[in-house]
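Visitor: Input file: work_34.tsv. Contents: TSV, C-alpha atoms.
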chain	number	residue	atom	x	y	z
A	117	MET	CA	0.00	0.00	0.00
A	118	GLN	CA	2.79	2.40	0.92
A	119	LYS	CA	4.55	1.54	-2.36
A	120	TYR	CA	1.38	2.39	-4.29
A	121	LEU	CA	1.03	5.74	-2.57
A	122	LEU	CA	4.69	6.58	-3.29
A	123	ILE	CA	4.18	5.89	-6.99
A	124	LEU	CA	1.12	8.18	-7.10
A	125	LEU	CA	2.94	10.97	-5.26
A	126	THR	CA	5.91	10.78	-7.64
A	127	ALA	CA	3.62	10.94	-10.69
A	128	PHE	CA	1.78	13.96	-9.26
A	129	MET	CA	5.03	15.87	-8.65
A	130	LEU	CA	6.29	15.17	-12.17
A	131	THR	CA	3.00	16.41	-13.66
A	132	ALA	CA	3.08	19.61	-11.61
A	133	CYS	CA	6.69	20.31	-12.62
A	134	GLY	CA	5.85	19.93	-16.30
A	135	THR	CA	2.93	22.32	-16.00
A	136	THR	CA	5.14	24.93	-14.33
A	137	GLN	CA	7.72	24.66	-17.12
A	138	GLU	CA	5.04	25.06	-19.80
A	139	ASN	CA	3.63	28.16	-18.08
A	140	SER	CA	7.14	29.63	-17.85
A	141	LYS	CA	7.73	29.03	-21.56
A	142	SER	CA	4.38	30.62	-22.39
A	143	ASP	CA	5.23	33.73	-20.33
A	144	ASP	CA	8.64	34.05	-22.01
A	145	SER	CA	7.05	33.71	-25.44
A	146	SER	CA	4.48	36.41	-24.64
A	147	GLN	CA	7.19	38.73	-23.37
A	148	SER	CA	9.30	38.18	-26.51
A	149	THR	CA	6.32	38.84	-28.78
A	150	SER	CA	5.52	42.03	-26.85
A	151	ASP	CA	9.09	43.28	-27.25
A	152	GLN	CA	8.90	42.80	-31.03
A	153	VAL	CA	5.78	44.93	-31.49
A	154	PRO	CA	6.83	48.39	-32.85
A	155	LYS	CA	6.10	51.27	-30.51
A	156	GLU	CA	3.43	53.56	-31.93
A	157	LYS	CA	3.98	57.33	-31.77
A	158	SER	CA	1.88	59.23	-29.31
A	159	PRO	CA	-0.44	61.97	-30.68
A	160	GLU	CA	2.00	64.56	-29.34
A	161	GLU	CA	4.94	62.98	-31.20
A	162	SER	CA	2.92	62.74	-34.42
A	163	SER	CA	1.90	66.38	-34.03
A	164	ASP	CA	5.52	67.46	-33.58
A	165	THR	CA	6.54	65.63	-36.75
A	166	SER	CA	3.75	67.30	-38.74
A	167	SER	CA	4.75	70.68	-37.31
A	168	ASP	CA	8.36	70.19	-38.41
A	169	GLU	CA	7.24	69.29	-41.91
A	170	GLN	CA	5.10	72.42	-42.12
A	171	THR	CA	8.11	74.68	-41.49
A	172	ILE	CA	9.72	73.60	-44.78
A	173	ARG	CA	9.48	76.50	-47.23
A	174	LEU	CA	8.62	75.92	-50.86
A	175	PRO	CA	11.15	77.12	-53.46
A	176	GLU	CA	8.58	79.54	-54.86
A	177	GLN	CA	5.13	80.94	-54.08
A	178	MET	CA	2.69	83.52	-55.41
A	179	MET	CA	2.73	86.87	-53.60
A	180	THR	CA	0.01	89.53	-53.65
A	181	TYR	CA	0.36	93.22	-52.78
A	182	GLU	CA	-1.29	96.53	-53.61
A	183	ASN	CA	0.30	98.70	-56.29
A	184	GLU	CA	-1.22	102.13	-57.04
A	185	GLY	CA	-4.61	101.02	-55.73
A	186	MET	CA	-4.63	97.74	-57.67
A	187	GLN	CA	-3.95	94.20	-56.45
A	188	GLU	CA	-0.85	92.81	-58.13
A	189	GLU	CA	0.28	89.18	-58.08
A	190	LYS	CA	3.77	87.96	-58.84
A	191	MET	CA	5.85	84.87	-58.23
A	192	GLY	CA	8.30	85.02	-55.34
A	193	PHE	CA	11.46	82.91	-55.22
A	194	LEU	CA	13.02	81.65	-52.00
A	195	LYS	CA	16.40	83.21	-51.18
A	196	THR	CA	18.67	82.76	-48.17
A	197	SER	CA	20.88	85.37	-46.53
A	198	GLU	CA	24.00	83.67	-45.21
A	199	ASN	CA	25.00	87.17	-44.19
A	200	GLN	CA	22.18	87.57	-41.64
A	201	LYS	CA	20.74	84.07	-41.25
A	202	TYR	CA	17.21	84.37	-42.63
A	203	SER	CA	15.24	83.34	-45.71
A	204	LEU	CA	12.68	85.30	-47.71
A	205	TYR	CA	10.76	85.32	-50.98
A	206	VAL	CA	12.02	87.75	-53.62
A	207	LEU	CA	9.58	88.86	-56.31
A	208	GLU	CA	10.35	88.24	-59.95
A	209	GLY	CA	11.88	91.37	-61.45
A	210	TYR	CA	13.83	92.10	-58.26
A	211	THR	CA	17.36	91.11	-57.26
A	212	PHE	CA	18.53	90.16	-53.78
A	213	THR	CA	22.19	90.57	-52.80
A	214	GLU	CA	24.32	90.68	-49.67
A	215	GLU	CA	25.68	94.21	-49.45
A	216	GLU	CA	28.04	94.01	-46.43
A	217	PRO	CA	28.09	92.39	-42.96
A	218	ARG	CA	24.61	92.72	-41.36
A	219	LYS	CA	23.18	94.43	-44.44
A	220	ASP	CA	21.39	93.01	-47.49
A	221	VAL	CA	19.82	94.78	-50.47
A	222	ILE	CA	16.87	94.18	-52.81
A	223	TYR	CA	16.60	96.38	-55.89
A	224	TYR	CA	14.09	96.66	-58.72
A	225	ASP	CA	15.66	95.43	-61.97
A	226	ALA	CA	13.78	97.88	-64.22
A	227	ASN	CA	14.84	100.89	-62.12
A	228	ASP	CA	17.65	100.44	-59.61
A	229	ALA	CA	16.76	103.80	-58.02
A	230	LEU	CA	14.07	101.75	-56.22
A	231	TRP	CA	15.72	99.58	-53.62
A	232	MET	CA	15.57	98.42	-49.99
A	233	ARG	CA	18.26	97.75	-47.40
A	234	ILE	CA	17.59	95.08	-44.76
A	235	GLU	CA	19.42	95.20	-41.43
A	236	VAL	CA	18.70	92.57	-38.77
A	237	LEU	CA	18.79	94.03	-35.25
A	238	PRO	CA	19.97	92.23	-32.09
A	239	ASP	CA	17.51	90.50	-29.76
A	240	ASN	CA	18.15	93.08	-27.04
A	241	VAL	CA	17.72	96.01	-29.44
A	242	ASP	CA	17.96	99.51	-27.99
A	243	TRP	CA	15.14	101.19	-29.91
A	244	ASP	CA	16.12	104.71	-28.81
A	245	LYS	CA	19.59	104.23	-30.26
A	246	VAL	CA	18.26	102.72	-33.49
A	247	GLU	CA	15.80	105.60	-33.91
A	248	GLN	CA	18.54	108.18	-33.50
A	249	GLU	CA	20.70	106.38	-36.08
A	250	ALA	CA	17.77	106.21	-38.51
A	251	ILE	CA	17.00	109.93	-38.11
A	252	LYS	CA	20.66	110.85	-38.56
A	253	GLY	CA	20.80	108.86	-41.80
A	254	LEU	CA	17.63	110.51	-43.10
A	255	GLU	CA	19.01	113.98	-42.39
A	256	ALA	CA	21.44	113.37	-45.27
A	257	VAL	CA	18.37	113.44	-47.53
A	258	SER	CA	16.62	116.38	-45.84
A	259	ALA	CA	16.81	118.25	-42.56
A	260	ASP	CA	13.03	117.86	-42.37
A	261	VAL	CA	12.60	114.31	-41.08
A	262	GLN	CA	8.96	113.29	-40.74
A	263	THR	CA	7.45	110.81	-38.28
A	264	ASN	CA	4.90	108.56	-40.00
A	265	SER	CA	1.77	107.30	-38.25
A	266	VAL	CA	1.63	103.90	-40.01
A	267	THR	CA	1.86	101.10	-37.44
A	268	SER	CA	1.91	97.93	-39.55
A	269	TYR	CA	1.82	96.38	-43.01
A	270	ASN	CA	-0.81	93.74	-43.75
A	271	GLU	CA	-1.39	93.28	-39.99
A	272	ASP	CA	1.69	91.07	-39.86
A	273	LEU	CA	4.70	93.38	-40.17
A	274	SER	CA	4.48	95.51	-37.02
A	275	PHE	CA	6.45	98.76	-36.80
A	276	HIS	CA	8.02	100.25	-33.71
A	277	SER	CA	8.28	103.54	-35.61
A	278	VAL	CA	8.57	104.90	-39.16
A	279	TYR	CA	10.52	107.96	-40.34
A	280	SER	CA	10.91	109.52	-43.78
A	281	ALA	CA	12.67	112.37	-45.53
A	282	SER	CA	12.53	113.67	-49.11
A	283	ASN	CA	14.06	116.30	-51.36
A	284	ASP	CA	13.38	117.38	-54.95
A	285	LYS	CA	14.47	114.01	-56.34
A	286	ASP	CA	14.50	111.29	-53.71
A	287	ARG	CA	12.46	109.93	-50.83
A	288	THR	CA	13.88	107.65	-48.13
A	289	THR	CA	11.78	105.86	-45.52
A	290	SER	CA	13.06	103.96	-42.52
A	291	TYR	CA	10.80	101.25	-41.04
A	292	LEU	CA	11.81	99.92	-37.62
A	293	VAL	CA	10.21	96.48	-37.47
A	294	LYS	CA	9.36	94.62	-34.28
A	295	ALA	CA	10.41	90.98	-33.89
A	296	SER	CA	7.82	88.20	-34.11
A	297	ASP	CA	7.93	84.50	-33.21
A	298	LYS	CA	9.48	83.72	-36.61
A	299	ARG	CA	11.06	87.01	-37.70
A	300	PRO	CA	13.90	89.09	-36.19
A	301	ALA	CA	13.68	92.78	-35.36
A	302	MET	CA	14.85	94.77	-38.40
A	303	ARG	CA	15.51	98.18	-39.85
A	304	LEU	CA	14.19	98.45	-43.40
A	305	THR	CA	15.31	101.47	-45.40
A	306	ILE	CA	13.48	101.99	-48.70
A	307	PHE	CA	14.83	104.39	-51.34
A	308	THR	CA	12.57	105.69	-54.14
A	309	PRO	CA	12.28	108.64	-56.54
A	310	VAL	CA	9.79	111.20	-55.18
A	311	GLU	CA	7.27	110.47	-57.95
A	312	THR	CA	7.11	106.77	-57.00
A	313	GLU	CA	4.79	105.77	-54.18
A	314	ASN	CA	5.03	101.99	-54.50
A	315	VAL	CA	6.84	100.57	-51.48
A	316	ASN	CA	4.39	97.71	-50.91
A	317	ALA	CA	6.34	95.31	-53.11
A	318	PHE	CA	9.36	95.75	-50.83
A	319	LEU	CA	7.27	95.46	-47.67
A	320	GLU	CA	5.62	92.29	-48.97
A	321	MET	CA	9.05	90.72	-49.50
A	322	ALA	CA	10.14	91.87	-46.01
A	323	ARG	CA	6.97	90.31	-44.59
A	324	SER	CA	8.15	86.92	-45.86
A	325	ILE	CA	11.42	87.05	-43.87
A	326	GLU	CA	11.84	84.15	-41.43
A	327	ASN	CA	14.71	83.11	-39.17
A	328	LEU	CA	16.83	80.18	-40.28
Will you turn the file into structure tokens for me?

Guide:
Amino acid sequence: MQKYLLILLTAFMLTACGTTQENSKSDDSSQSTSDQVPKEKSPEESSDTSSDEQTIRLPEQMMTYENEGMQEEKMGFLKTSENQKYSLYVLEGYTFTEEEPRKDVIYYDANDALWMRIEVLPDNVDWDKVEQEAIKGLEAVSADVQTNSVTSYNEDLSFHSVYSASNDKDRTTSYLVKASDKRPAMRLTIFTPVETENVNAFLEMARSIENL
């Protein structure tokens, strides 16, 4: 009788051991399968990727601005200033060039008396100092420097202040532009003959400036 009970006990222990080993193998297999499943991106990660893709600028885009009371549309071509670390769209019929350190120029091909100088200002800009420099430069055109009341262009290019001066032949206007989340603070100086009122083409190109 004791021998019979011993045989039954031994068989029971062997069966239990086998079951434990099978469960262990099953757990290991499940863990391995779980490790092989690719991790899906969270909504936040997917959103960040989409945001990065949206910052890529196309090589060209149509640009619209007002010229002598009429809406004008021209193609703009993406240019990069290695001189001042920004990109912008330059309208067809205009040429963009780096003039000197911290200064770039855009001029109208059909009449190079129409042109704009772009100067990027530091993050901690001293506006009082910049205003005095702008006024001093305009005094070379005329001792009568005017303060303009315009505060923005197209509700996107916001001005700290605007000054202008003119003589019998030329008009020069200095736009001190506030920084935005994508654009640096700038001083834009636009030079035109007195009979020409169209500065919107230059301002539209300046509006497209973005930090690199």

Visitor: Within 9 Å of region 277-279 of chain A, counting all atoms listed in the file, which residues show up once you throw out same-chain ones fewer than 4 positions away? Write them as a JSON list (two decimals) with C-alpha atoms, in the coordinates of the input, please.

Guide:
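part_32.json, freshly written:
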[["chain", "number", "residue", "atom", "x", "y", "z"],
["A", 247, "GLU", "CA", 15.80, 105.60, -33.91],
["A", 250, "ALA", "CA", 17.77, 106.21, -38.51],
["A", 251, "ILE", "CA", 17.00, 109.93, -38.11],
["A", 254, "LEU", "CA", 17.63, 110.51, -43.10],
["A", 261, "VAL", "CA", 12.60, 114.31, -41.08],
["A", 262, "GLN", "CA", 8.96, 113.29, -40.74],
["A", 263, "THR", "CA", 7.45, 110.81, -38.28],
["A", 264, "ASN", "CA", 4.90, 108.56, -40.00],
["A", 265, "SER", "CA", 1.77, 107.30, -38.25],
["A", 266, "VAL", "CA", 1.63, 103.90, -40.01],
["A", 267, "THR", "CA", 1.86, 101.10, -37.44],
["A", 288, "THR", "CA", 13.88, 107.65, -48.13],
["A", 289, "THR", "CA", 11.78, 105.86, -45.52],
["A", 290, "SER", "CA", 13.06, 103.96, -42.52],
["A", 291, "TYR", "CA", 10.80, 101.25, -41.04],
["A", 292, "LEU", "CA", 11.81, 99.92, -37.62],
["A", 293, "VAL", "CA", 10.21, 96.48, -37.47]]

Visitor: Counting only C-alpha atoms, which residue out of A:Asp228, A:Glu311, A:Asp272, A:Glu198 sits closest to Glu216 (chain A)?

Guide: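 Of all the options, A:Glu198 lies closest to Glu216 (chain A).
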
Visitor: For CA of Ser268 (chain A) and CA of Ser296 (chain A), determine how far apart the two atoms are, in Å to one decimal place.

Guide: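 Here the two named atoms are 12.6 Å from each other.
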
Visitor: CA of Tyr269 (chain A) to CA of Glu320 (chain A): how many Å, to one decimal?

Guide: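 Between CA of Tyr269 (chain A) and CA of Glu320 (chain A) the gap is 8.2 Å.
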
Visitor: In Å, how far is it from CA of Glu255 (chain A) to CA of Asp286 (chain A)?

Guide: 12.5 Å

Visitor: Leaving out Asn314 (chain A) and any residue of its chain fewer than 4 positions from it, which residues lie within 9 Å of it when counting only C-alpha atoms, given as a PyMOL selection string?

Guide: chain A and resi 182-184+308+318

Visitor: So that I can see what lies close to Val236 (chain A), please list as a list in words the residues with an atom at most 8 Å from it, counting all atoms listed in the file and leaving out residues fewer than 3 positions away in the same chain.

Guide: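 These residues fall inside the cut-off: Gln200, Arg218, Lys219, Pro300, Ala301, Met302 and Arg303 of chain A.
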
Visitor: Nearest to Ala259 (chain A): which of A:Asn240, A:Asn283, A:Tyr224, A:Lys245 is it, counting only C-alpha atoms?

Guide: A:Asn283

Visitor: How close does region 200-232 of chain A get to region 174-178 of chain A? List, as CSV, each residue of region 200-232 of chain A within 10 Å, its nearest atom pair and the distance in Å to one decimal, counting only C-alpha atoms.

Guide:
residue,atom,partner,partner_atom,distance
A:Tyr205,CA,A:Glu176,CA,7.3
A:Val206,CA,A:Glu176,CA,9.0
A:Leu207,CA,A:Met178,CA,8.8

Visitor: Would you give the centre and edge lengths, in Å to one decimal, of a box along x, y and z around the listed atoms of region 207-219 of chain A, with 5 Å added to each side, as lines of an AutoDock Vina configuration file?

Guide:
center_x = 18.8
center_y = 91.3
center_z = -51.4
size_x = 28.5
size_y = 16.2
size_z = 30.1

Visitor: Just the residues within 6 Å of Ser258 (chain A), please, counting all atoms listed in the file, with nothing from its chain fewer than 2 positions along; format it as a list of chain:residue names.

Guide: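 Skipping anything fewer than 2 positions along the chain leaves A:Glu255, A:Ala256, A:Asp260, A:Ala281, A:Ser282.
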
Visitor: Restricting the calculation to all atoms listed in the file, which member of A:Lys195, A:Lys190, A:Arg173, A:Lys294 is positioned closest to Leu237 (chain A)?

Guide: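 Using all atoms listed in the file, Leu237 (chain A) sits closest to A:Lys294.
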
Visitor: Out of A:Lys201, A:Arg233, A:Lys298, A:Lys252, which residue has the shortest atom-to-atom distance to Glu215 (chain A) when counting all atoms listed in the file?

Guide: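 Residue with the minimum atom-to-atom distance to Glu215 (chain A): A:Arg233.
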
Visitor: Show me, as a list in words, the residues that have an atom within 6 Å of Ser203 (chain A) when counting all atoms listed in the file, minus same-chain residues fewer than 3 positions from it.

Guide: Lys195, Thr196, Ile325 and Glu326 of chain A

Visitor: Go through A:Leu304, A:Met191, A:Ile234, A:Val257 one by one, measure the shortest atom-to-atom distance of each to Pro217 (chain A) using all atoms listed in the file, and give the residue with the smallest value.

Guide: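 Using all atoms listed in the file, Pro217 (chain A) sits closest to A:Ile234.
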
Visitor: Counting all atoms listed in the file, which of A:Leu328, A:Ile306, A:Asp225, A:Arg323 gets nearest to Asn199 (chain A)?

Guide: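 Selected residue with least distance to Asn199 (chain A): A:Leu328.
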